file coords30.txt (compact mmCIF, C-alpha atoms and all ligand atoms)
# COMPACT_ATOMS: atom_id res chain seq x y z
CA MET A 178 26.60 -2.06 0.34
CA THR A 179 23.49 -3.54 1.94
CA ASN A 180 20.42 -1.65 3.15
CA ALA A 181 21.57 -2.21 6.75
CA GLU A 182 25.15 -1.01 6.15
CA LEU A 183 24.00 2.11 4.35
CA PHE A 184 21.39 2.87 7.00
CA GLU A 185 24.04 2.54 9.75
CA LYS A 186 26.12 5.11 7.89
CA ALA A 187 23.09 7.35 7.31
CA LYS A 188 22.26 7.38 11.02
CA LYS A 189 25.65 8.90 11.79
CA LEU A 190 25.14 11.65 9.26
CA MET A 191 21.44 12.54 9.43
CA PRO A 192 19.01 12.50 12.38
CA GLY A 193 17.42 9.06 12.35
CA GLY A 194 19.24 8.39 9.09
CA VAL A 195 16.50 10.13 7.13
CA SER A 196 15.34 13.43 5.66
CA SER A 197 11.73 12.92 6.84
CA PRO A 198 10.81 10.99 10.02
CA VAL A 199 8.49 8.18 8.87
CA ARG A 200 11.14 6.90 6.46
CA ALA A 201 13.04 5.46 9.42
CA PHE A 202 10.37 2.71 9.75
CA LYS A 203 10.18 3.37 13.49
CA ALA A 204 6.40 2.92 13.55
CA VAL A 205 6.63 -0.54 12.00
CA GLY A 206 9.97 -1.84 13.24
CA GLY A 207 12.65 -3.52 11.20
CA GLU A 208 15.40 -2.07 9.01
CA PRO A 209 14.41 0.55 6.45
CA ILE A 210 15.30 -0.06 2.83
CA ILE A 211 17.48 2.33 0.84
CA VAL A 212 16.14 2.94 -2.67
CA SER A 213 18.28 2.75 -5.78
CA LYS A 214 15.70 3.25 -8.54
CA ALA A 215 12.07 2.98 -9.56
CA GLN A 216 10.07 2.59 -12.75
CA GLY A 217 6.31 2.40 -13.31
CA SER A 218 4.75 0.44 -10.45
CA ARG A 219 8.10 -0.99 -9.29
CA LEU A 220 10.87 0.12 -6.99
CA TRP A 221 14.25 -1.47 -6.25
CA ASP A 222 16.44 -1.22 -3.15
CA VAL A 223 20.24 -1.08 -3.14
CA GLU A 224 20.37 -4.87 -2.78
CA GLY A 225 18.49 -5.25 -6.06
CA LYS A 226 15.27 -6.48 -4.47
CA GLU A 227 12.13 -5.53 -6.39
CA TYR A 228 8.95 -4.21 -4.79
CA ILE A 229 5.47 -3.54 -6.12
CA ASP A 230 5.02 0.02 -4.86
CA PHE A 231 1.82 1.23 -3.19
CA LEU A 232 3.55 4.09 -1.37
CA MET A 233 4.11 6.01 -4.61
CA SER A 234 6.24 8.64 -2.89
CA TRP A 235 3.28 9.39 -0.56
CA GLY A 236 0.93 10.38 -3.35
CA PRO A 237 2.49 12.53 -6.08
CA LEU A 238 3.09 9.73 -8.60
CA ILE A 239 -0.37 9.15 -10.05
CA LEU A 240 1.34 8.27 -13.36
CA GLY A 241 3.78 5.88 -11.68
CA HIS A 242 7.53 6.27 -11.34
CA ALA A 243 9.53 7.97 -14.11
CA HIS A 244 6.65 8.36 -16.57
CA PRO A 245 8.29 8.89 -20.01
CA ARG A 246 6.39 12.11 -20.68
CA VAL A 247 7.43 13.65 -17.37
CA VAL A 248 11.03 12.49 -17.74
CA ARG A 249 11.23 13.92 -21.26
CA ALA A 250 9.89 17.29 -20.07
CA ILE A 251 12.54 17.44 -17.35
CA GLU A 252 15.37 16.41 -19.70
CA GLU A 253 14.37 19.06 -22.22
CA GLN A 254 14.15 21.70 -19.51
CA ALA A 255 17.58 20.77 -18.09
CA ARG A 256 19.23 21.96 -21.32
CA ARG A 257 17.43 25.31 -21.06
CA GLY A 258 18.51 26.18 -17.53
CA LEU A 259 17.82 24.97 -14.02
CA SER A 260 16.46 28.11 -12.40
CA TYR A 261 16.02 31.71 -13.53
CA GLY A 262 14.73 33.68 -10.57
CA ILE A 263 12.52 35.45 -13.08
CA THR A 264 9.06 34.39 -14.25
CA ASN A 265 9.14 31.66 -16.90
CA GLU A 266 6.46 30.76 -19.42
CA HIS A 267 5.81 27.35 -17.81
CA GLU A 268 4.46 29.02 -14.65
CA ILE A 269 1.76 30.72 -16.65
CA LYS A 270 0.86 27.47 -18.43
CA LEU A 271 0.62 25.48 -15.16
CA ALA A 272 -1.36 28.27 -13.48
CA GLU A 273 -3.80 28.10 -16.38
CA LEU A 274 -4.17 24.31 -15.98
CA VAL A 275 -4.88 24.74 -12.27
CA VAL A 276 -7.36 27.58 -12.70
CA ASP A 277 -9.17 25.70 -15.50
CA SER A 278 -9.47 22.62 -13.28
CA MET A 279 -10.80 24.27 -10.12
CA PRO A 280 -13.46 26.96 -10.48
CA SER A 281 -12.88 28.18 -6.89
CA VAL A 282 -9.27 28.97 -7.77
CA GLN A 283 -9.10 32.16 -9.81
CA MET A 284 -5.47 32.98 -9.02
CA VAL A 285 -2.65 30.82 -7.77
CA ARG A 286 0.77 31.30 -6.11
CA PHE A 287 3.41 28.59 -6.55
CA VAL A 288 5.63 27.55 -3.64
CA SER A 289 8.00 24.61 -3.16
CA SER A 290 6.13 22.26 -0.81
CA GLY A 291 2.75 21.49 0.71
CA THR A 292 3.98 22.88 4.02
CA GLU A 293 4.72 26.22 2.43
CA ALA A 294 1.30 26.22 0.80
CA THR A 295 -0.65 25.71 4.04
CA MET A 296 1.60 28.02 6.05
CA SER A 297 1.12 30.79 3.49
CA ALA A 298 -2.62 30.15 3.20
CA ILE A 299 -3.00 30.59 6.96
CA ARG A 300 -1.06 33.86 6.84
CA LEU A 301 -3.26 35.02 3.99
CA ALA A 302 -6.44 34.10 5.87
CA ARG A 303 -5.27 35.96 8.98
CA GLY A 304 -4.18 38.97 6.96
CA TYR A 305 -7.38 39.04 4.95
CA THR A 306 -9.76 38.72 7.92
CA GLY A 307 -7.67 40.58 10.51
CA ARG A 308 -8.39 37.72 12.96
CA LYS A 309 -5.94 35.43 14.70
CA TYR A 310 -7.52 32.08 15.63
CA ILE A 311 -7.39 29.15 13.26
CA VAL A 312 -9.33 25.90 13.46
CA LYS A 313 -7.89 22.54 12.49
CA PHE A 314 -9.04 18.97 13.03
CA ASP A 315 -7.51 16.32 15.21
CA GLY A 316 -5.54 13.89 13.06
CA CYS A 317 -5.39 16.14 10.00
CA TYR A 318 -1.86 16.93 8.84
CA HIS A 319 -1.08 20.16 7.06
CA GLY A 320 2.70 20.10 6.91
CA HIS A 321 5.05 21.14 9.70
CA ALA A 322 4.50 24.87 10.15
CA ASP A 323 4.35 25.81 13.86
CA SER A 324 0.69 26.69 14.14
CA LEU A 325 -0.38 23.56 12.24
CA LEU A 326 1.61 21.03 14.26
CA VAL A 327 -0.78 21.37 17.13
CA SER A 328 -2.47 18.11 17.99
CA ALA A 329 -5.52 17.27 20.02
CA GLY A 330 -6.63 18.26 23.43
CA SER A 331 -9.58 16.25 24.65
CA GLY A 332 -13.08 17.60 24.86
CA VAL A 333 -14.89 19.78 22.40
CA ALA A 334 -13.31 23.09 21.43
CA THR A 335 -10.04 22.64 23.26
CA LEU A 336 -7.37 25.25 23.16
CA GLY A 337 -4.41 23.73 21.37
CA ILE A 338 -1.44 22.29 23.15
CA PRO A 339 1.95 22.24 21.44
CA GLY A 340 2.28 19.04 19.42
CA THR A 341 6.05 19.25 19.50
CA PRO A 342 8.78 20.87 21.57
CA GLY A 343 9.84 24.05 19.80
CA VAL A 344 6.34 25.39 19.24
CA PRO A 345 5.69 28.03 21.92
CA GLU A 346 2.42 27.79 23.81
CA GLU A 347 1.52 31.31 22.72
CA ILE A 348 1.51 30.17 19.11
CA ALA A 349 -0.21 26.85 19.78
CA SER A 350 -2.96 28.57 21.76
CA LEU A 351 -4.14 30.31 18.60
CA THR A 352 -4.95 26.97 17.01
CA LEU A 353 -8.27 25.41 18.00
CA VAL A 354 -8.35 21.66 17.51
CA LEU A 355 -11.65 19.88 16.89
CA PRO A 356 -12.59 16.27 16.23
CA TYR A 357 -13.09 15.43 12.55
CA ASN A 358 -16.63 14.66 11.39
CA ASN A 359 -18.24 16.23 14.45
CA PRO A 360 -20.64 19.06 13.51
CA ALA A 361 -21.69 19.65 17.15
CA ALA A 362 -18.11 20.42 18.22
CA LEU A 363 -17.77 22.71 15.24
CA GLU A 364 -20.92 24.57 16.10
CA GLU A 365 -19.81 25.01 19.70
CA ALA A 366 -16.39 26.35 18.69
CA PHE A 367 -17.98 28.90 16.38
CA GLU A 368 -20.46 30.01 19.01
CA LYS A 369 -17.59 30.62 21.39
CA TYR A 370 -14.86 32.01 19.11
CA GLY A 371 -16.76 32.71 15.87
CA GLU A 372 -15.88 36.36 15.49
CA GLN A 373 -12.17 35.70 16.13
CA ILE A 374 -11.72 32.75 13.78
CA ALA A 375 -9.70 33.65 10.68
CA CYS A 376 -10.08 30.30 8.99
CA VAL A 377 -10.81 26.63 9.20
CA ILE A 378 -8.29 24.38 7.49
CA VAL A 379 -9.41 20.88 6.63
CA GLU A 380 -8.46 17.88 4.54
CA PRO A 381 -11.81 17.39 2.74
CA VAL A 382 -10.88 13.73 2.74
CA ALA A 383 -8.40 13.02 5.50
CA GLY A 384 -5.36 11.10 4.37
CA ASN A 385 -3.04 11.57 7.32
CA MET A 386 -4.87 9.68 10.06
CA GLY A 387 -5.18 7.00 7.46
CA VAL A 388 -7.93 7.62 4.92
CA VAL A 389 -11.03 8.98 6.66
CA LEU A 390 -13.96 10.15 4.57
CA PRO A 391 -16.11 13.11 5.52
CA ARG A 392 -19.48 11.99 6.81
CA GLU A 393 -22.67 13.08 5.09
CA GLY A 394 -23.25 16.75 5.88
CA PHE A 395 -19.90 17.51 7.56
CA LEU A 396 -18.37 19.51 4.72
CA GLU A 397 -21.69 21.32 4.13
CA ARG A 398 -21.88 22.35 7.80
CA LEU A 399 -18.32 23.57 7.62
CA ARG A 400 -19.07 25.68 4.57
CA ASN A 401 -22.23 27.15 6.12
CA LEU A 402 -20.64 28.02 9.45
CA THR A 403 -17.55 29.65 7.96
CA LEU A 404 -19.77 31.76 5.71
CA LYS A 405 -22.04 32.70 8.61
CA TYR A 406 -19.15 33.87 10.81
CA GLY A 407 -16.99 35.38 8.05
CA ALA A 408 -14.14 32.91 8.48
CA LEU A 409 -12.32 31.60 5.43
CA LEU A 410 -12.59 27.94 4.53
CA ILE A 411 -9.26 26.41 3.47
CA TYR A 412 -9.25 23.03 1.77
CA ASP A 413 -5.91 21.30 2.10
CA GLU A 414 -6.03 19.32 -1.13
CA VAL A 415 -2.33 18.51 -1.14
CA ILE A 416 -3.22 14.80 -1.42
CA THR A 417 -6.66 15.00 -3.03
CA ASN A 418 -5.92 17.49 -5.85
CA PHE A 419 -6.05 15.59 -9.15
CA ARG A 420 -6.38 12.35 -7.11
CA LEU A 421 -10.15 12.24 -6.50
CA SER A 422 -10.97 13.92 -9.79
CA ARG A 423 -9.59 16.58 -12.11
CA GLY A 424 -11.15 19.20 -9.82
CA GLY A 425 -10.05 17.47 -6.62
CA ALA A 426 -12.25 16.90 -3.57
CA GLN A 427 -14.12 20.17 -4.10
CA ALA A 428 -15.42 18.95 -7.45
CA TYR A 429 -16.02 15.46 -6.07
CA PHE A 430 -18.26 16.79 -3.28
CA GLY A 431 -19.49 19.91 -5.06
CA ILE A 432 -18.45 22.36 -2.31
CA ASP A 433 -16.09 25.26 -2.96
CA PRO A 434 -13.64 26.54 -0.34
CA ASP A 435 -12.23 30.08 -0.25
CA ILE A 436 -8.60 28.99 -0.45
CA THR A 437 -7.18 25.72 -1.77
CA CYS A 438 -3.76 24.29 -0.88
CA MET A 439 -2.14 22.06 -3.48
CA GLY A 440 0.94 19.91 -3.83
CA LYS A 441 2.00 16.30 -4.44
CA ILE A 442 0.39 15.33 -7.83
CA LEU A 443 0.57 18.98 -8.90
CA GLY A 444 4.38 18.64 -9.12
CA GLY A 445 4.40 15.11 -10.53
CA GLY A 446 7.24 14.10 -8.18
CA MET A 447 9.18 17.38 -8.20
CA PRO A 448 9.08 19.71 -5.16
CA LEU A 449 5.99 21.86 -5.62
CA GLY A 450 3.11 23.32 -3.70
CA ALA A 451 0.60 26.06 -4.43
CA TYR A 452 -2.22 27.98 -2.86
CA GLY A 453 -5.01 29.70 -4.68
CA GLY A 454 -8.51 31.01 -4.36
CA LYS A 455 -10.90 33.77 -5.17
CA ARG A 456 -9.39 36.78 -6.87
CA GLU A 457 -10.38 39.23 -4.13
CA ILE A 458 -8.47 37.13 -1.59
CA MET A 459 -5.42 36.33 -3.72
CA GLU A 460 -5.06 40.01 -4.64
CA LYS A 461 -3.99 40.58 -1.03
CA VAL A 462 -0.78 38.60 -1.67
CA ALA A 463 2.40 40.61 -2.33
CA PRO A 464 3.26 42.34 -4.60
CA GLU A 465 -0.39 43.00 -5.51
CA GLY A 466 -1.33 43.27 -1.85
CA PRO A 467 0.43 43.68 1.50
CA ILE A 468 0.65 40.05 2.68
CA TYR A 469 4.21 38.91 2.14
CA GLN A 470 5.30 35.54 0.82
CA ALA A 471 8.22 34.74 -1.47
CA GLY A 472 10.64 32.02 -2.63
CA THR A 473 13.99 31.87 -4.47
CA LEU A 474 13.10 28.62 -6.22
CA SER A 475 9.33 29.22 -6.38
CA GLY A 476 7.93 28.51 -9.83
CA ASN A 477 11.19 26.77 -10.75
CA PRO A 478 11.03 25.43 -14.30
CA PHE A 479 11.58 21.76 -13.35
CA SER A 480 8.57 21.59 -11.07
CA MET A 481 6.55 23.52 -13.62
CA VAL A 482 7.30 21.26 -16.60
CA ALA A 483 6.87 18.11 -14.47
CA GLY A 484 3.50 19.43 -13.29
CA ILE A 485 2.40 20.39 -16.79
CA ALA A 486 3.42 16.99 -18.21
CA THR A 487 1.68 15.14 -15.38
CA LEU A 488 -1.57 17.07 -15.57
CA THR A 489 -1.67 17.04 -19.38
CA GLN A 490 -1.17 13.28 -19.46
CA LEU A 491 -3.76 12.85 -16.72
CA PHE A 492 -6.39 14.94 -18.48
CA GLU A 493 -5.81 13.16 -21.83
CA GLU A 494 -5.95 9.73 -20.25
CA ASN A 495 -8.79 10.48 -17.81
CA PRO A 496 -7.97 7.33 -15.82
CA TYR A 497 -10.17 7.98 -12.78
CA GLU A 498 -12.74 5.27 -13.48
CA ARG A 499 -10.11 2.67 -14.30
CA LEU A 500 -8.08 3.61 -11.20
CA GLU A 501 -11.15 3.32 -9.03
CA LYS A 502 -11.95 -0.19 -10.33
CA LEU A 503 -8.34 -1.28 -9.99
CA THR A 504 -8.14 -0.02 -6.42
CA GLN A 505 -11.42 -1.72 -5.58
CA ARG A 506 -10.03 -4.97 -6.96
CA LEU A 507 -7.09 -4.62 -4.56
CA THR A 508 -9.08 -3.63 -1.46
CA GLU A 509 -11.67 -6.36 -2.02
CA GLY A 510 -8.85 -8.87 -2.40
CA ILE A 511 -7.13 -7.70 0.78
CA SER A 512 -10.41 -7.81 2.67
CA ARG A 513 -11.05 -11.37 1.45
CA ILE A 514 -7.58 -12.48 2.57
CA LEU A 515 -7.88 -10.88 6.01
CA SER A 516 -11.40 -12.23 6.57
CA HIS A 517 -10.28 -15.70 5.57
CA LYS A 518 -7.59 -15.51 8.25
CA GLY A 519 -10.14 -14.16 10.75
CA ILE A 520 -8.39 -10.80 11.16
CA PRO A 521 -10.77 -7.93 12.05
CA HIS A 522 -10.25 -4.99 9.72
CA ARG A 523 -11.78 -1.92 8.11
CA ILE A 524 -10.69 -0.57 4.77
CA ASN A 525 -11.47 3.11 4.12
CA ARG A 526 -11.20 3.89 0.43
CA ILE A 527 -11.99 6.72 -1.94
CA ALA A 528 -10.92 6.76 -5.59
CA SER A 529 -7.34 5.38 -5.74
CA MET A 530 -6.34 5.90 -2.09
CA PHE A 531 -7.15 3.76 0.94
CA THR A 532 -6.05 2.56 4.36
CA VAL A 533 -6.33 -0.86 5.99
CA PHE A 534 -7.22 -0.46 9.68
CA PHE A 535 -7.06 -3.45 12.01
CA THR A 536 -10.24 -2.80 13.93
CA GLU A 537 -13.82 -3.96 13.73
CA GLU A 538 -15.38 -0.55 14.27
CA GLU A 539 -16.04 2.20 11.78
CA VAL A 540 -13.14 4.66 11.48
CA TYR A 541 -14.45 8.22 11.15
CA ASP A 542 -12.01 10.36 13.18
CA TYR A 543 -8.59 10.22 14.83
CA GLU A 544 -9.88 8.59 17.97
CA THR A 545 -11.48 5.70 16.10
CA ALA A 546 -8.40 5.46 13.82
CA ARG A 547 -6.22 5.01 16.90
CA ARG A 548 -8.19 1.89 17.84
CA SER A 549 -6.44 0.06 15.02
CA ASP A 550 -4.02 -2.64 16.20
CA ARG A 551 -0.72 -0.99 15.37
CA GLU A 552 1.42 -3.87 16.56
CA LEU A 553 -0.39 -6.05 14.03
CA PHE A 554 0.05 -3.36 11.38
CA GLY A 555 3.81 -3.44 12.01
CA ARG A 556 3.93 -7.22 11.51
CA PHE A 557 1.70 -6.90 8.42
CA PHE A 558 4.01 -4.23 6.98
CA ARG A 559 7.17 -6.30 7.58
CA ALA A 560 5.63 -9.46 6.12
CA LEU A 561 4.58 -7.51 3.02
CA LEU A 562 8.02 -5.98 2.66
CA ARG A 563 9.62 -9.44 2.79
CA GLU A 564 7.31 -10.53 -0.02
CA GLY A 565 8.24 -7.50 -2.12
CA ILE A 566 5.31 -5.19 -1.46
CA LEU A 567 5.99 -1.63 -0.34
CA ILE A 568 3.21 0.18 1.51
CA PRO A 569 3.42 3.28 3.76
CA PRO A 570 5.56 2.42 6.79
CA ALA A 571 2.96 3.70 9.27
CA GLN A 572 -0.68 2.97 10.08
CA PHE A 573 -1.97 6.53 9.70
CA GLU A 574 -1.13 6.91 6.01
CA ALA A 575 -2.69 6.15 2.65
CA TRP A 576 -1.82 3.55 0.04
CA PHE A 577 -1.86 4.93 -3.51
CA LEU A 578 -2.34 3.39 -6.93
CA SER A 579 -1.10 4.86 -10.18
CA THR A 580 -1.91 4.48 -13.86
CA ALA A 581 1.26 2.36 -14.09
CA HIS A 582 -0.36 -0.38 -11.97
CA THR A 583 -1.97 -3.11 -14.07
CA GLU A 584 -4.51 -5.80 -13.21
CA GLU A 585 -1.63 -8.28 -13.28
CA ASP A 586 0.22 -6.13 -10.72
CA ILE A 587 -2.81 -6.23 -8.46
CA ASP A 588 -3.26 -9.99 -8.80
CA ARG A 589 0.44 -10.56 -8.19
CA ALA A 590 0.32 -8.25 -5.18
CA LEU A 591 -2.68 -10.15 -3.81
CA GLU A 592 -0.81 -13.47 -4.08
CA LYS A 593 2.07 -11.95 -2.14
CA ILE A 594 -0.25 -10.37 0.42
CA GLU A 595 -1.94 -13.74 0.90
CA ARG A 596 1.42 -15.40 1.57
CA ALA A 597 2.39 -12.57 3.91
CA VAL A 598 -0.86 -12.73 5.86
CA SER A 599 -0.69 -16.52 6.22
CA SER A 600 2.72 -16.04 7.87
CA LEU A 601 1.37 -13.61 10.50
C1 LIG B 1 1.88 15.93 2.38
C2 LIG B 1 0.90 16.88 2.93
C3 LIG B 1 1.25 18.18 3.30
C4 LIG B 1 2.67 18.66 3.34
O1 LIG B 1 3.27 18.67 2.09
P1 LIG B 1 4.88 18.66 2.03
O2 LIG B 1 5.15 18.78 0.57
O3 LIG B 1 5.29 17.34 2.62
O4 LIG B 1 5.36 19.80 2.82
C5 LIG B 1 0.24 19.06 3.67
N1 LIG B 1 -1.04 18.67 3.71
C6 LIG B 1 -1.42 17.41 3.37
C7 LIG B 1 -2.86 17.05 3.40
C8 LIG B 1 -0.46 16.48 3.00
O5 LIG B 1 -0.83 15.23 2.74
call {"tool": "encode", "arguments": {"input": "coords30.txt", "output": "structure tokens"}}
result
Amino acid sequence: MTNAELFEKAKKLMPGGVSSPVRAFKAVGGEPIIVSKAQGSRLWDVEGKEYIDFLMSWGPLILGHAHPRVVRAIEEQARRGLSYGITNEHEIKLAELVVDSMPSVQMVRFVSSGTEATMSAIRLARGYTGRKYIVKFDGCYHGHADSLLVSAGSGVATLGIPGTPGVPEEIASLTLVLPYNNPAALEEAFEKYGEQIACVIVEPVAGNMGVVLPREGFLERLRNLTLKYGALLIYDEVITNFRLSRGGAQAYFGIDPDITCMGKILGGGMPLGAYGGKREIMEKVAPEGPIYQAGTLSGNPFSMVAGIATLTQLFEENPYERLEKLTQRLTEGISRILSHKGIPHRINRIASMFTVFFTEEEVYDYETARRSDRELFGRFFRALLREGILIPPAQFEAWFLSTAHTEEDIDRALEKIERAVSSL
């Protein structure tokens, strides 16, 4: 069957034909592809068409698709049982790898997704501080838990409005939404609500309004204010853990949060999330403490062995410098191609993740990100797809490279991107 035939069938069976909204390609137009397999830097649809993949499953696959070491670990585990519901030795090994990589994380709790990690971290912060307000930033995504789906109101410290039907106002009103990279707004919110704020949750590098880097001093201000007012600082490192460096964004910038949320690369492509932090905070989690959180498949051996294999390979290879250079080669090439065609653009990049915005101005928060020409992005996406390049099917997302991408892949991709752009 073709992509179109299968998608028609899917739409009758699943809302939008998908298990997660952006996969329906609604933001970019055109028919979505249906995947049949992937290997290394390549992915194939059900019609046998090959793509160079820069989506990389939205970030987890820093070793590329189906890395032999990860596949072997999963195959070996399959013969030893799929799930036990009792602690297995792999959990302890992966916890050790996490704790050794991030000094701010002294204890860790495994869950099954990034959403569960942030949701549980918020509960922990509220339970630990006995306060109820949380602060998040406009354009940051922390999974789909009710209190984190709140989007922006305008102005400075706006009380949240529900970002989606189904989230009651009473819940949304406990989430304060602030503009990213704006220390003045932060200061104002703390002056007003300081004593009632349980935590601030932040992507230390935003990846979900497209890649947006923290401006000089923003993360420092955040750390100082949370300490001053006794609120916990939660880093949502679901994208950045093991992506920016072995120690994530906190090592990259040299600032420790109180709680860290993890996911994506941590599970190497298997469903996995985790939250961790200082011992005195994590000791409040059940059964050691009173704050409840549980999961039938939490710590399941597949996610554990995939995570261990991924991190072990990553630490042995230490590919961060090579990945950075490779990604730079790609972004410089894209910029050259777009400039040549006279298309205004901004590329925000850090390590091996980046976003191409179609705007002349600097992109430093959600408002400036929204100035990107999304109609043009849609045409850019579709032209790339036709040439056999898969990138995230939405403007406000990150492209990812993996260790499976070679210089030849990048040069080939640039040829295809050049052809695609000349057709715009
Ligand atoms: C992907 C993501 C999440 C949610 O993780 P899921 O595994 O999709 O639930 C949370 N926070 C950030 C920063 C993410 O990028």
call {"tool": "closest_residue", "arguments": {"input": "coords30.txt", "among": "A:Ala483, A:Ile263, A:Ala383, A:Met296", "to": "Ile527 (chain A)", "atoms": "all atoms listed in the file"}}
result
A:Ala383
call {"tool": "residues_around", "arguments": {"input": "coords30.txt", "residues": "region 220-226 of chain A", "least_positions_apart": "6", "cutoff": "6 Å", "atoms": "all atoms listed in the file", "output": "number ranges by chain"}}
result
A: 179, 211-214
call {"tool": "closest_atom_pairs", "arguments": {"input": "coords30.txt", "of": "chain A", "to": "ligand LIG 1 (chain B)", "cutoff": "6 Å", "atoms": "all atoms listed in the file", "output": "tab-separated table"}}
result
residue	atom	partner	partner_atom	distance
A:Ser290	CA	B:LIG1	O2	3.9
A:Gly291	CA	B:LIG1	O1	3.2
A:Thr292	CA	B:LIG1	O4	3.6
A:Tyr318	CA	B:LIG1	N1	5.5
A:His319	CA	B:LIG1	N1	3.7
A:Gly320	CA	B:LIG1	C4	3.8
A:Glu380	CA	B:LIG1	C7	5.8
A:Asp413	CA	B:LIG1	C7	5.4
A:Glu414	CA	B:LIG1	C7	6.0
A:Val415	CA	B:LIG1	C6	4.7
A:Ile416	CA	B:LIG1	O5	4.8
call {"tool": "residues_around", "arguments": {"input": "coords30.txt", "residues": "Ala361 (chain A)", "least_positions_apart": "3", "cutoff": "12 Å", "atoms": "only C-alpha atoms", "output": "number ranges by chain"}}
result
A: 332-334, 355-358, 364-368, 394-395, 398-399, 402
call {"tool": "atom_distance", "arguments": {"input": "coords30.txt", "atom1": "CA of Arg219 (chain A)", "atom2": "CA of Ala560 (chain A)"}}
result
17.8 Å
call {"tool": "closest_residue", "arguments": {"input": "coords30.txt", "among": "A:Ala597, A:Val382, A:Val247, A:Val312", "to": "Met530 (chain A)", "atoms": "only C-alpha atoms"}}
result
A:Val382
call {"tool": "closest_residue", "arguments": {"input": "coords30.txt", "among": "A:Arg300, A:Lys203, A:Lys309, A:Arg420", "to": "Leu240 (chain A)", "atoms": "only C-alpha atoms"}}
result
A:Arg420
call {"tool": "closest_residue", "arguments": {"input": "coords30.txt", "among": "A:Arg559, A:Lys270, A:Arg526, A:Lys461", "to": "Pro209 (chain A)", "atoms": "only C-alpha atoms"}}
result
A:Arg559
call {"tool": "atom_distance", "arguments": {"input": "coords30.txt", "atom1": "CA of Arg256 (chain A)", "atom2": "CA of Gln216 (chain A)"}}
result
23.1 Å
call {"tool": "build_atoms", "arguments": {"input": "coords30.txt", "residues": "region 356-360 of chain A", "atoms": "all heavy atoms", "output": "short mmCIF file (atom, residue, chain, number, x, y, z; two decimals), in the frame of the given file"}}
result
data_model
loop_
_atom_site.label_atom_id
_atom_site.label_comp_id
_atom_site.auth_asym_id
_atom_site.auth_seq_id
_atom_site.Cartn_x
_atom_site.Cartn_y
_atom_site.Cartn_z
N PRO A 356 -12.51 17.61 16.82
CA PRO A 356 -12.59 16.27 16.23
C PRO A 356 -13.17 16.34 14.82
O PRO A 356 -14.06 17.14 14.55
CB PRO A 356 -13.53 15.52 17.18
CG PRO A 356 -14.27 16.57 17.93
CD PRO A 356 -13.44 17.80 17.96
N TYR A 357 -12.63 15.52 13.94
CA TYR A 357 -13.09 15.43 12.55
C TYR A 357 -14.50 14.84 12.53
O TYR A 357 -14.83 14.02 13.39
CB TYR A 357 -12.13 14.53 11.77
CG TYR A 357 -12.19 14.64 10.27
CD1 TYR A 357 -11.69 15.75 9.61
CD2 TYR A 357 -12.72 13.61 9.49
CE1 TYR A 357 -11.70 15.84 8.22
CE2 TYR A 357 -12.75 13.68 8.10
CZ TYR A 357 -12.24 14.81 7.47
OH TYR A 357 -12.25 14.90 6.09
N ASN A 358 -15.30 15.26 11.58
CA ASN A 358 -16.63 14.66 11.39
C ASN A 358 -17.58 14.89 12.55
O ASN A 358 -18.47 14.07 12.80
CB ASN A 358 -16.49 13.13 11.16
CG ASN A 358 -16.37 12.81 9.68
OD1 ASN A 358 -16.86 13.55 8.83
ND2 ASN A 358 -15.71 11.71 9.37
N ASN A 359 -17.39 15.98 13.29
CA ASN A 359 -18.24 16.23 14.45
C ASN A 359 -18.85 17.63 14.37
O ASN A 359 -18.29 18.60 14.87
CB ASN A 359 -17.39 16.08 15.73
CG ASN A 359 -18.24 16.16 16.99
OD1 ASN A 359 -19.29 16.81 17.01
ND2 ASN A 359 -17.77 15.52 18.04
N PRO A 360 -20.02 17.75 13.73
CA PRO A 360 -20.64 19.06 13.51
C PRO A 360 -20.99 19.77 14.82
O PRO A 360 -20.94 21.00 14.88
CB PRO A 360 -21.92 18.74 12.73
CG PRO A 360 -21.76 17.35 12.23
CD PRO A 360 -20.81 16.65 13.15
#
